[in-house]
$ cat start.txt   # compact mmCIF, C-alpha atoms
# COMPACT_ATOMS: atom_id res chain seq x y z
CA MET A 12 105.89 97.52 55.21
CA SER A 13 102.28 98.04 56.23
CA ALA A 14 101.19 99.54 59.54
CA ARG A 15 99.52 97.36 62.11
CA PHE A 16 97.18 98.78 64.72
CA GLU A 17 96.55 97.25 68.09
CA PRO A 18 92.90 96.98 69.21
CA ILE A 19 93.53 99.39 72.11
CA ILE A 20 91.63 102.69 72.12
CA GLY A 21 92.73 105.58 74.37
CA ARG A 22 90.69 108.56 75.53
CA TYR A 23 91.06 111.43 77.98
CA MET A 24 88.49 111.70 80.72
CA HIS A 25 87.86 114.90 82.66
CA LEU A 26 86.96 114.03 86.21
CA ASP A 27 86.83 115.81 89.57
CA LEU A 28 88.85 113.95 92.19
CA PHE A 29 89.39 115.12 95.77
CA GLY A 30 87.72 118.44 94.86
CA ARG A 31 90.11 119.16 91.97
CA ALA A 32 89.76 118.87 88.22
CA HIS A 33 91.78 116.05 86.65
CA ARG A 34 92.54 114.94 83.11
CA ILE A 35 92.81 111.17 83.15
CA TYR A 36 94.01 108.94 80.34
CA VAL A 37 91.98 105.76 79.90
CA GLU A 38 92.71 102.88 77.53
CA GLU A 39 90.50 99.95 76.76
CA ALA A 40 90.10 96.95 74.49
CA GLY A 41 87.55 94.17 74.16
CA GLU A 42 83.92 93.64 75.09
CA GLY A 43 82.17 91.88 77.91
CA THR A 44 82.75 91.76 81.63
CA PRO A 45 84.64 94.91 82.63
CA LEU A 46 88.15 94.24 83.90
CA VAL A 47 89.69 97.31 85.54
CA CYS A 48 93.50 97.19 85.61
CA LEU A 49 95.61 99.04 88.17
CA HIS A 50 99.28 99.67 87.39
CA THR A 51 102.26 99.60 89.74
CA ALA A 52 103.94 102.52 91.50
CA GLY A 53 105.77 104.91 89.22
CA SER A 54 104.48 103.30 86.03
CA ASP A 55 101.30 103.49 83.95
CA GLY A 56 98.57 101.54 82.18
CA ARG A 57 100.87 100.34 79.40
CA GLN A 58 101.76 97.52 81.76
CA TYR A 59 98.51 95.83 80.69
CA ARG A 60 99.24 95.90 76.93
CA GLY A 61 99.58 92.13 76.93
CA LEU A 62 96.06 91.58 78.26
CA MET A 63 94.58 94.16 75.90
CA ASN A 64 96.21 92.53 72.91
CA ASP A 65 95.19 88.96 73.72
CA PRO A 66 91.89 87.80 72.16
CA ARG A 67 91.57 85.13 74.82
CA VAL A 68 91.00 87.98 77.29
CA THR A 69 89.31 90.59 75.13
CA ARG A 70 86.66 88.36 73.53
CA ASN A 71 84.91 88.13 76.91
CA HIS A 72 86.23 91.15 78.78
CA ARG A 73 86.26 94.89 78.38
CA VAL A 74 89.81 95.50 79.60
CA ILE A 75 90.25 99.01 80.96
CA ALA A 76 93.43 100.63 82.28
CA PHE A 77 93.68 104.22 83.41
CA ASP A 78 96.85 106.10 84.21
CA MET A 79 96.60 107.44 87.73
CA PRO A 80 96.89 111.22 88.07
CA TRP A 81 100.56 112.27 87.70
CA HIS A 82 101.29 109.01 85.79
CA GLY A 83 101.65 108.14 82.12
CA LYS A 84 99.52 110.42 79.97
CA SER A 85 97.38 111.64 82.88
CA SER A 86 98.30 115.09 84.11
CA PRO A 87 98.83 116.20 87.65
CA PRO A 88 96.12 118.62 88.82
CA GLU A 89 96.57 122.36 88.41
CA GLY A 90 98.88 123.66 91.11
CA TRP A 91 101.08 120.56 91.04
CA HIS A 92 104.26 122.58 90.76
CA ASP A 93 103.88 123.88 94.31
CA GLU A 94 103.29 120.55 96.04
CA GLU A 95 104.92 117.15 96.52
CA TYR A 96 102.85 114.23 95.27
CA GLN A 97 101.93 111.70 97.94
CA LEU A 98 99.39 108.92 97.42
CA THR A 99 97.11 107.90 100.30
CA SER A 100 94.80 104.93 100.71
CA ALA A 101 91.76 107.23 100.75
CA GLN A 102 92.74 109.02 97.54
CA TYR A 103 93.58 105.77 95.78
CA THR A 104 90.24 104.18 96.69
CA THR A 105 88.32 107.31 95.76
CA MET A 106 89.89 107.58 92.32
CA ILE A 107 89.26 103.93 91.43
CA LEU A 108 85.60 104.11 92.43
CA ALA A 109 85.19 107.46 90.66
CA VAL A 110 86.62 106.08 87.40
CA ILE A 111 84.34 103.03 87.65
CA ASP A 112 81.34 105.31 88.23
CA ALA A 113 82.31 107.65 85.39
CA LEU A 114 82.55 104.70 82.97
CA GLU A 115 79.27 103.31 84.36
CA LEU A 116 80.81 99.91 84.97
CA ASP A 117 78.59 97.36 86.68
CA ARG A 118 80.56 95.37 89.25
CA PRO A 119 83.80 95.05 87.29
CA ILE A 120 86.58 92.63 88.06
CA ALA A 121 89.51 94.59 89.50
CA ILE A 122 93.09 93.48 88.89
CA GLY A 123 95.96 95.41 90.44
CA CYS A 124 99.68 94.88 90.79
CA SER A 125 102.01 95.91 93.63
CA ILE A 126 100.44 99.15 94.93
CA GLY A 127 97.51 98.06 92.78
CA GLY A 128 97.58 94.69 94.54
CA ARG A 129 97.64 96.41 97.91
CA ILE A 130 94.69 98.66 97.09
CA ALA A 131 92.93 95.56 95.78
CA LEU A 132 93.04 94.26 99.35
CA HIS A 133 91.61 97.58 100.60
CA LEU A 134 88.82 97.37 98.01
CA ALA A 135 88.06 93.76 98.93
CA LEU A 136 87.76 94.80 102.55
CA GLU A 137 85.87 98.07 102.22
CA HIS A 138 83.93 97.88 98.95
CA PRO A 139 83.34 94.20 98.11
CA GLU A 140 79.83 94.93 96.79
CA ARG A 141 81.31 97.05 94.01
CA PHE A 142 83.27 94.18 92.42
CA ARG A 143 82.52 90.85 90.78
CA ALA A 144 85.92 89.60 91.89
CA ILE A 145 89.28 91.04 92.86
CA ILE A 146 92.67 89.83 91.64
CA GLY A 147 95.75 90.98 93.54
CA LEU A 148 99.10 90.61 91.78
CA GLN A 149 102.17 90.86 94.00
CA ALA A 150 99.79 91.75 96.80
CA GLY A 151 101.08 91.89 100.34
CA ALA A 152 99.67 93.58 103.41
CA HIS A 153 102.81 95.65 104.06
CA VAL A 154 106.38 96.23 102.86
CA ASP A 155 109.09 97.72 105.05
CA PRO A 156 111.30 100.29 103.32
CA TYR A 157 114.59 98.67 102.35
CA TYR A 158 116.36 101.67 100.87
CA ASP A 159 116.39 105.42 101.45
CA LEU A 160 113.40 106.65 99.43
CA ASN A 161 114.93 110.14 99.24
CA PHE A 162 117.24 108.88 96.49
CA LEU A 163 114.17 108.67 94.25
CA TYR A 164 113.59 112.41 94.24
CA ARG A 165 116.52 114.77 94.48
CA PRO A 166 118.05 116.96 91.81
CA ASP A 167 121.48 115.34 91.88
CA VAL A 168 120.22 111.80 91.17
CA HIS A 169 118.30 111.06 87.97
CA GLY A 170 114.89 109.89 89.12
CA GLY A 171 114.12 107.82 86.05
CA GLU A 172 117.49 106.08 86.01
CA VAL A 173 117.44 105.25 89.70
CA ALA A 174 113.82 104.08 89.68
CA ALA A 175 114.46 101.67 86.82
CA ALA A 176 117.71 100.49 88.39
CA ILE A 177 116.00 99.82 91.71
CA VAL A 178 113.21 97.75 90.19
CA SER A 179 115.21 95.97 87.46
CA GLY A 180 116.02 93.04 89.74
CA LEU A 181 112.32 92.59 90.45
CA VAL A 182 111.83 91.34 86.90
CA GLY A 183 111.90 87.54 86.76
CA PRO A 184 114.77 85.73 85.01
CA ASP A 185 112.57 84.27 82.26
CA ALA A 186 111.17 87.60 81.06
CA PRO A 187 111.71 88.21 77.35
CA GLU A 188 114.35 90.94 76.99
CA ARG A 189 112.00 93.18 74.98
CA GLU A 190 109.26 93.06 77.62
CA LYS A 191 111.74 93.55 80.46
CA ARG A 192 113.17 96.68 78.85
CA GLU A 193 109.69 98.00 77.99
CA THR A 194 108.71 97.57 81.63
CA LEU A 195 111.80 99.43 82.82
CA TRP A 196 111.31 102.20 80.27
CA HIS A 197 107.95 103.02 81.84
CA TYR A 198 109.79 103.57 85.13
CA MET A 199 112.36 105.76 83.42
CA GLN A 200 109.56 107.95 82.05
CA SER A 201 107.88 108.56 85.39
CA GLY A 202 107.64 112.21 86.49
CA PRO A 203 109.88 113.60 89.23
CA GLY A 204 108.87 112.31 92.66
CA VAL A 205 105.94 110.24 91.41
CA PHE A 206 107.43 106.82 92.23
CA LYS A 207 108.38 108.10 95.67
CA GLY A 208 104.91 109.55 96.19
CA ASP A 209 103.32 106.20 95.33
CA LEU A 210 105.61 104.42 97.76
CA TYR A 211 104.19 106.55 100.57
CA PHE A 212 101.04 104.49 100.10
CA TYR A 213 102.92 101.22 99.56
CA LYS A 214 105.29 101.43 102.53
CA ILE A 215 103.50 103.67 105.03
CA ASP A 216 99.88 104.73 104.59
CA GLY A 217 98.55 101.57 102.94
CA ASP A 218 99.59 99.11 105.68
CA ILE A 219 96.60 96.79 106.00
CA ARG A 220 98.11 94.06 108.21
CA ALA A 221 95.76 94.73 111.11
CA ARG A 222 92.60 94.39 109.02
CA VAL A 223 93.37 92.11 106.11
CA ALA A 224 91.93 89.01 107.81
CA GLU A 225 88.54 90.74 107.90
CA ILE A 226 88.14 90.40 104.12
CA ASP A 227 85.03 88.33 103.40
CA THR A 228 85.46 86.37 100.17
CA ARG A 229 81.78 85.35 100.27
CA ARG A 230 81.00 88.96 99.40
CA CYS A 231 83.72 89.21 96.74
CA PRO A 232 86.02 86.39 95.57
CA LEU A 233 89.72 87.16 96.03
CA PHE A 234 92.53 85.70 93.95
CA LEU A 235 96.20 86.39 94.65
CA LEU A 236 98.88 85.72 92.03
CA SER A 237 102.52 86.41 92.88
CA GLY A 238 105.77 85.93 91.01
CA GLU A 239 108.43 83.70 92.53
CA TYR A 240 111.24 86.24 92.01
CA ASP A 241 109.58 89.22 93.65
CA TYR A 242 111.60 90.36 96.65
CA SER A 243 109.46 93.48 97.18
CA CYS A 244 106.30 91.50 97.86
CA THR A 245 107.65 88.00 98.40
CA PRO A 246 105.66 84.83 97.77
CA GLU A 247 105.77 84.24 101.52
CA GLU A 248 104.08 87.59 102.14
CA THR A 249 101.35 86.82 99.63
CA LEU A 250 100.81 83.38 101.18
CA THR A 251 100.60 84.95 104.63
CA VAL A 252 97.79 87.18 103.38
CA ALA A 253 96.05 84.29 101.64
CA ASN A 254 96.28 82.05 104.69
CA SER A 255 94.71 84.73 106.88
CA ILE A 256 91.63 85.12 104.64
CA ALA A 257 89.12 82.26 104.41
CA GLY A 258 88.38 81.44 100.78
CA ALA A 259 91.25 83.43 99.25
CA GLU A 260 93.06 81.56 96.47
CA ALA A 261 96.79 82.08 96.00
CA THR A 262 99.11 81.03 93.19
CA ILE A 263 102.88 81.45 93.13
CA MET A 264 104.01 81.90 89.54
CA LYS A 265 107.37 80.20 88.86
CA GLY A 266 110.04 82.29 87.18
CA LEU A 267 107.97 85.48 87.21
CA GLY A 268 108.79 88.64 89.13
CA HIS A 269 107.05 91.78 90.36
CA PHE A 270 105.51 92.87 87.03
CA PRO A 271 104.00 89.65 85.65
CA MET A 272 101.51 91.23 83.21
CA SER A 273 104.20 93.49 81.72
CA GLU A 274 107.49 91.59 82.04
CA ASN A 275 106.18 88.30 80.65
CA PRO A 276 102.57 88.52 79.41
CA GLY A 277 102.66 85.09 77.77
CA GLU A 278 103.60 83.23 80.94
CA PHE A 279 101.35 85.39 83.09
CA LEU A 280 98.28 84.64 81.00
CA LYS A 281 98.75 80.92 81.66
CA HIS A 282 97.94 81.76 85.27
CA LEU A 283 95.38 84.51 84.71
CA LEU A 284 93.13 82.86 82.13
CA PRO A 285 91.99 80.04 84.45
CA VAL A 286 91.20 82.64 87.12
CA LEU A 287 89.11 84.68 84.68
CA GLU A 288 87.30 81.52 83.56
CA LYS A 289 86.52 80.66 87.13
CA ILE A 290 85.20 84.15 87.81
CA ASP A 291 83.11 84.10 84.65
CA ARG A 292 81.57 80.77 85.65
CA GLY A 293 80.51 82.60 88.79
CA MET B 17 137.66 85.95 90.72
CA ILE B 18 136.99 89.53 91.83
CA GLU B 19 140.17 90.59 90.04
CA THR B 20 138.54 89.65 86.70
CA LEU B 21 136.18 92.60 87.17
CA LYS B 22 138.63 94.95 85.46
CA GLU B 23 138.87 92.91 82.31
CA ARG B 24 135.16 92.10 82.17
CA VAL B 25 133.89 95.64 82.73
CA ASN B 26 136.45 97.34 80.52
CA ALA B 27 135.52 95.06 77.62
CA ASP B 28 131.90 96.26 77.69
CA ALA B 29 131.62 99.45 75.65
CA GLY B 30 128.02 100.01 76.71
CA LEU B 31 128.87 99.83 80.37
CA LEU B 32 131.83 102.19 79.92
CA ARG B 33 129.55 104.68 78.17
CA ARG B 34 126.98 104.43 80.97
CA GLY B 35 129.70 105.04 83.54
CA ARG B 36 131.44 107.90 81.75
CA PHE B 37 130.56 110.35 84.53
CA LEU B 38 131.53 107.94 87.29
CA THR B 39 134.89 108.29 89.03
CA THR B 40 135.13 106.73 92.49
CA THR B 41 136.71 104.06 94.66
CA PHE B 42 134.59 101.58 96.57
CA LEU B 43 135.28 98.71 98.93
CA LEU B 44 133.83 95.26 98.33
CA GLU B 45 134.00 92.94 101.34
CA ILE B 46 133.02 89.29 101.05
CA GLY B 47 133.38 87.49 104.34
CA GLU B 48 136.86 88.28 105.68
CA ALA B 49 138.29 89.35 102.31
CA GLY B 50 138.20 92.86 100.86
CA TRP B 51 138.93 94.56 97.55
CA LEU B 52 139.32 98.24 96.76
CA ILE B 53 137.96 98.92 93.32
CA ALA B 54 139.00 102.17 91.63
CA ILE B 55 136.92 103.48 88.71
CA HIS B 56 137.80 106.37 86.42
CA GLU B 57 135.12 107.62 84.01
CA GLY B 58 133.49 104.21 84.02
CA ARG B 59 136.68 102.24 83.41
CA ILE B 60 138.02 99.99 86.19
CA LEU B 61 141.53 101.27 86.94
CA SER B 62 142.46 98.76 89.60
CA VAL B 63 141.17 95.97 91.79
CA THR B 64 143.36 95.76 94.90
CA LYS B 65 142.99 92.86 97.30
CA GLY B 66 143.37 93.47 101.04
CA PRO B 67 144.02 93.18 103.86
CA PHE B 68 144.21 96.95 104.28
CA VAL B 69 145.44 99.08 107.17
CA MET B 70 143.41 102.21 106.41
CA PRO B 71 141.33 101.67 103.27
CA SER B 72 139.81 104.87 101.89
CA SER B 73 136.66 104.53 99.81
CA CYS B 74 133.53 106.41 98.91
CA PHE B 75 131.29 103.57 100.02
CA ALA B 76 131.46 99.90 100.93
CA LEU B 77 129.42 96.83 100.02
CA ARG B 78 129.68 94.03 102.58
CA THR B 79 128.24 90.54 102.41
CA SER B 80 129.04 86.94 103.36
CA GLU B 81 130.77 84.32 101.24
CA ALA B 82 127.65 82.18 101.12
CA GLU B 83 125.43 85.04 99.96
CA TRP B 84 127.95 86.17 97.37
CA ASP B 85 128.28 82.63 96.07
CA ARG B 86 124.52 82.40 95.52
CA PHE B 87 124.47 85.85 93.87
CA CYS B 88 127.13 84.60 91.44
CA GLU B 89 125.20 81.54 90.32
CA HIS B 90 124.27 81.48 86.65
CA ARG B 91 120.59 81.53 87.65
CA PRO B 92 120.53 82.82 91.22
CA PRO B 93 117.61 81.70 93.37
CA PRO B 94 114.88 84.20 94.35
CA GLY B 95 116.23 86.67 96.89
CA SER B 96 119.80 86.29 95.62
CA ASN B 97 119.39 87.54 92.06
CA ASP B 98 120.08 91.24 92.57
CA LEU B 99 122.05 93.59 94.83
CA MET B 100 118.77 95.17 95.98
CA ALA B 101 117.41 91.72 96.81
CA LEU B 102 120.38 91.14 99.12
CA ILE B 103 119.91 94.59 100.65
CA LYS B 104 116.20 93.88 101.19
CA ARG B 105 117.11 90.67 103.06
CA ARG B 106 119.68 92.63 105.10
CA VAL B 107 122.50 90.31 103.97
CA LEU B 108 124.30 92.99 101.94
CA LYS B 109 125.21 96.17 103.76
CA ALA B 110 125.77 99.31 101.71
CA GLU B 111 127.54 101.94 103.79
CA GLY B 112 129.23 105.28 103.19
CA ASP B 113 128.39 107.98 100.64
CA LEU B 114 125.64 106.06 98.90
CA LYS B 115 124.66 108.86 96.54
CA VAL B 116 127.38 107.68 94.15
CA PHE B 117 126.13 104.10 94.44
CA MET B 118 122.46 104.99 93.91
CA ALA B 119 123.01 107.55 91.15
CA ASN B 120 124.94 104.88 89.22
CA LEU B 121 122.97 101.87 90.45
CA ARG B 122 122.51 100.31 87.03
CA TYR B 123 126.26 100.54 86.41
CA PHE B 124 127.13 98.86 89.71
CA LYS B 125 124.49 96.15 89.26
CA GLU B 126 125.70 95.32 85.78
CA ALA B 127 129.38 95.58 86.65
CA LEU B 128 129.14 93.24 89.64
CA GLY B 129 126.77 91.02 87.68
CA LYS B 130 129.71 90.32 85.40
CA LEU B 131 131.25 88.32 88.22
CA ARG B 132 128.50 85.75 87.80
CA ARG B 133 129.68 82.42 86.54
CA GLU B 134 129.59 82.68 82.74
CA GLY B 135 129.55 86.46 83.16
CA VAL B 136 125.79 86.93 82.87
CA ALA B 137 124.77 90.54 83.45
CA ALA B 138 122.28 91.38 86.20
$ encode --input "start.txt" --output "structure tokens"
Amino acid sequence: MSARFEPIIGRYMHLDLFGRAHRIYVEEAGEGTPLVCLHTAGSDGRQYRGLMNDPRVTRNHRVIAFDMPWHGKSSPPEGWHDEEYQLTSAQYTTMILAVIDALELDRPIAIGCSIGGRIALHLALEHPERFRAIIGLQAGAHVDPYYDLNFLYRPDVHGGEVAAAIVSGLVGPDAPEREKRETLWHYMQSGPGVFKGDLYFYKIDGDIRARVAEIDTRRCPLFLLSGEYDYSCTPEETLTVANSIAGAEATIMKGLGHFPMSENPGEFLKHLLPVLEKIDRG
Amino acid sequence: MIETLKERVNADAGLLRRGRFLTTTFLLEIGEAGWLIAIHEGRILSVTKGPFVMPSSCFALRTSEAEWDRFCEHRPPPGSNDLMALIKRRVLKAEGDLKVFMANLRYFKEALGKLRREGVAA
């Protein structure tokens, strides 16, 4: 049996963020318009493997996914063992813009899911000039906590097991079993407290309800794609955001859940490719 | 229907392995009806239907008949497809010592998912 390599290339980038040295893992595939991919809370850039392996995307796009600090193959900064990780809107924005600058990307398309979809709304509002277009997956303006987040990070409950068990129902019913389990495995591998630290942004600090209607899609087109089976960011919440922003385009994806690009790449691309074509036509 | 839980769970070797450190009793209430479900090292020992005078349990899961019926559909609609979806919509109340429930969440999701028509796992 011969080996088969995917076209994805990974590198480690050394980058100062928030005044501290970081070692960041960056993957990419393809050539053309840069497409910066932002993963969900408590996961990593592997969620975008489907896009990076699809020639329909990579023949015209340089698809780039970085693991946020503390996630995937990116390390936490020195001194991590004496602090509790907590993601803020300011940090999240700073790191995305810093990675784009470090890679010298000219007005990339940004695509982000869940927390990545939320920060996509922040970017559309505060930095529209930096992006060709912004695509928010499972993007809502706010999510109320619906379980005690302390269960995610305590020594007598396995953080990986509970994180995967919490999000398993967010996967849509049509997801291929292999992709569903791959998606959940990423959650199981997350470091202690990382999912919880991300949810600080998702459920508390990143609330953008009061300002989301100020997004100006004439400065940066905004596309929102949400899975029908997502009960974390429901289709209704995505449509509420879309209806409050003139020019925003929203699509509800039947049968898909909270992790469309990872749980069911084939079905997701049926929705994403027309959006990319529209953006490319400018 | 709920009484079939014992047979369905105990026939699943993978679920028994996953629950091998789980010994507890919990209360499942659907509408006016209640069941005490005793688990020993992942195996369902007993499913006892109420009414009860003083039921003792580690935790309780409470929902309505209509919500439970939708949860048990072969392909539940969005918002009814998972215990956490019901909790998010505030139509399933989880009360008591929830550490046991959360630490073994996959077990409880998959065990109760076996009550779906045709026994499809969650």
$ closest_residue --input "start.txt" --among "B:Asn26, B:Thr79, B:Ser72, B:Asn97" --to "B:Gly58" --atoms "all atoms listed in the file"
B:Asn26
$ interface_residues --input "start.txt" --of "chain B" --to "chain A" --cutoff "10 Å" --atoms "all atoms listed in the file" --output "compact mmCIF listing (two decimals) with C-alpha atoms, keeping the file's coordinate frame"
# COMPACT_ATOMS: atom_id res chain seq x y z
CA ARG B 91 120.59 81.53 87.65
CA PRO B 92 120.53 82.82 91.22
CA PRO B 93 117.61 81.70 93.37
CA PRO B 94 114.88 84.20 94.35
CA GLY B 95 116.23 86.67 96.89
CA SER B 96 119.80 86.29 95.62
CA ASN B 97 119.39 87.54 92.06
CA ASP B 98 120.08 91.24 92.57
CA LEU B 99 122.05 93.59 94.83
CA MET B 100 118.77 95.17 95.98
CA ALA B 101 117.41 91.72 96.81
CA LEU B 102 120.38 91.14 99.12
CA ILE B 103 119.91 94.59 100.65
CA LYS B 104 116.20 93.88 101.19
CA ARG B 105 117.11 90.67 103.06
CA ARG B 106 119.68 92.63 105.10
CA ALA B 110 125.77 99.31 101.71
CA LEU B 114 125.64 106.06 98.90
CA LYS B 115 124.66 108.86 96.54
CA VAL B 116 127.38 107.68 94.15
CA PHE B 117 126.13 104.10 94.44
CA MET B 118 122.46 104.99 93.91
CA ALA B 119 123.01 107.55 91.15
CA ASN B 120 124.94 104.88 89.22
CA LEU B 121 122.97 101.87 90.45
CA ARG B 122 122.51 100.31 87.03
CA TYR B 123 126.26 100.54 86.41
CA PHE B 124 127.13 98.86 89.71
CA LYS B 125 124.49 96.15 89.26
CA GLU B 126 125.70 95.32 85.78
CA ALA B 138 122.28 91.38 86.20
$ residues_near_point --input "start.txt" --point "(84.7, 99.1, 88.6)" --cutoff "9 Å" --atoms "all atoms listed in the file" --output "PyMOL selection string"
chain A and resi 45-47+107-112+114-121+141-143
$ atom_distance --input "start.txt" --atom1 "atom CA of A:Pro88" --atom2 "atom CA of A:Gly217"
22.3 Å
$ atom_distance --input "start.txt" --atom1 "atom CA of A:Gly123" --atom2 "atom CA of A:Arg15"
28.6 Å
$ residues_around --input "start.txt" --residues "B:Pro67" --least-positions-apart "2" --cutoff "8 Å" --atoms "only C-alpha atoms" --output "MDAnalysis selection string"
chainID B and resid 49:50 65 69
$ residues_around --input "start.txt" --residues "A:Arg60" --least-positions-apart "3" --cutoff "9 Å" --atoms "only C-alpha atoms" --output "ChimeraX atom specification"
/A:19,56-57,63-65,272-273,276
$ residues_around --input "start.txt" --residues "B:Leu77" --least-positions-apart "6" --cutoff "7 Å" --atoms "all atoms listed in the file" --output "short mmCIF file (atom, residue, chain, number, x, y, z; two decimals) with C-alpha atoms, in the coordinates of the input"
data_model
loop_
_atom_site.label_atom_id
_atom_site.label_comp_id
_atom_site.auth_asym_id
_atom_site.auth_seq_id
_atom_site.Cartn_x
_atom_site.Cartn_y
_atom_site.Cartn_z
CA LEU B 43 135.28 98.71 98.93
CA LEU B 44 133.83 95.26 98.33
CA GLU B 45 134.00 92.94 101.34
CA LEU B 108 124.30 92.99 101.94
CA LYS B 109 125.21 96.17 103.76
CA ALA B 110 125.77 99.31 101.71
CA GLU B 111 127.54 101.94 103.79
#
$ atom_distance --input "start.txt" --atom1 "atom CA of A:Ile226" --atom2 "atom CA of A:Ile126"
17.7 Å
$ decode --input "start.txt" --residues "stretch 57-73 of chain A" --atoms "N, CA and C atoms" --output "short mmCIF file (atom, residue, chain, number, x, y, z; two decimals), in the first residue's frame"
data_model
loop_
_atom_site.label_atom_id
_atom_site.label_comp_id
_atom_site.auth_asym_id
_atom_site.auth_seq_id
_atom_site.Cartn_x
_atom_site.Cartn_y
_atom_site.Cartn_z
N ARG A 57 -7.48 21.84 12.20
CA ARG A 57 -7.83 20.62 11.46
C ARG A 57 -9.28 20.63 11.00
N GLN A 58 -10.08 21.46 11.62
CA GLN A 58 -11.49 21.53 11.21
C GLN A 58 -11.65 21.93 9.74
N TYR A 59 -10.60 22.56 9.18
CA TYR A 59 -10.70 23.04 7.80
C TYR A 59 -10.02 22.11 6.80
N ARG A 60 -9.77 20.85 7.22
CA ARG A 60 -9.09 19.89 6.34
C ARG A 60 -9.86 19.66 5.04
N GLY A 61 -11.19 19.73 5.14
CA GLY A 61 -12.01 19.51 3.95
C GLY A 61 -11.80 20.58 2.89
N LEU A 62 -11.72 21.83 3.32
CA LEU A 62 -11.48 22.93 2.37
C LEU A 62 -10.09 22.80 1.76
N MET A 63 -9.10 22.48 2.62
CA MET A 63 -7.72 22.43 2.15
C MET A 63 -7.46 21.27 1.21
N ASN A 64 -8.32 20.29 1.26
CA ASN A 64 -8.15 19.11 0.40
C ASN A 64 -9.06 19.13 -0.82
N ASP A 65 -9.77 20.23 -1.04
CA ASP A 65 -10.71 20.27 -2.16
C ASP A 65 -10.18 21.20 -3.24
N PRO A 66 -9.83 20.65 -4.41
CA PRO A 66 -9.26 21.49 -5.49
C PRO A 66 -10.19 22.61 -5.93
N ARG A 67 -11.49 22.41 -5.74
CA ARG A 67 -12.41 23.48 -6.14
C ARG A 67 -12.18 24.74 -5.30
N VAL A 68 -11.65 24.57 -4.11
CA VAL A 68 -11.31 25.72 -3.25
C VAL A 68 -9.87 26.15 -3.48
N THR A 69 -8.96 25.18 -3.50
CA THR A 69 -7.53 25.51 -3.47
C THR A 69 -6.98 25.98 -4.82
N ARG A 70 -7.70 25.73 -5.93
CA ARG A 70 -7.15 26.19 -7.20
C ARG A 70 -7.22 27.72 -7.32
N ASN A 71 -8.10 28.34 -6.53
CA ASN A 71 -8.22 29.80 -6.58
C ASN A 71 -7.97 30.49 -5.25
N HIS A 72 -7.69 29.70 -4.21
CA HIS A 72 -7.56 30.28 -2.88
C HIS A 72 -6.37 29.68 -2.14
N ARG A 73 -5.66 30.57 -1.46
CA ARG A 73 -4.63 30.12 -0.53
C ARG A 73 -5.31 29.98 0.83
#
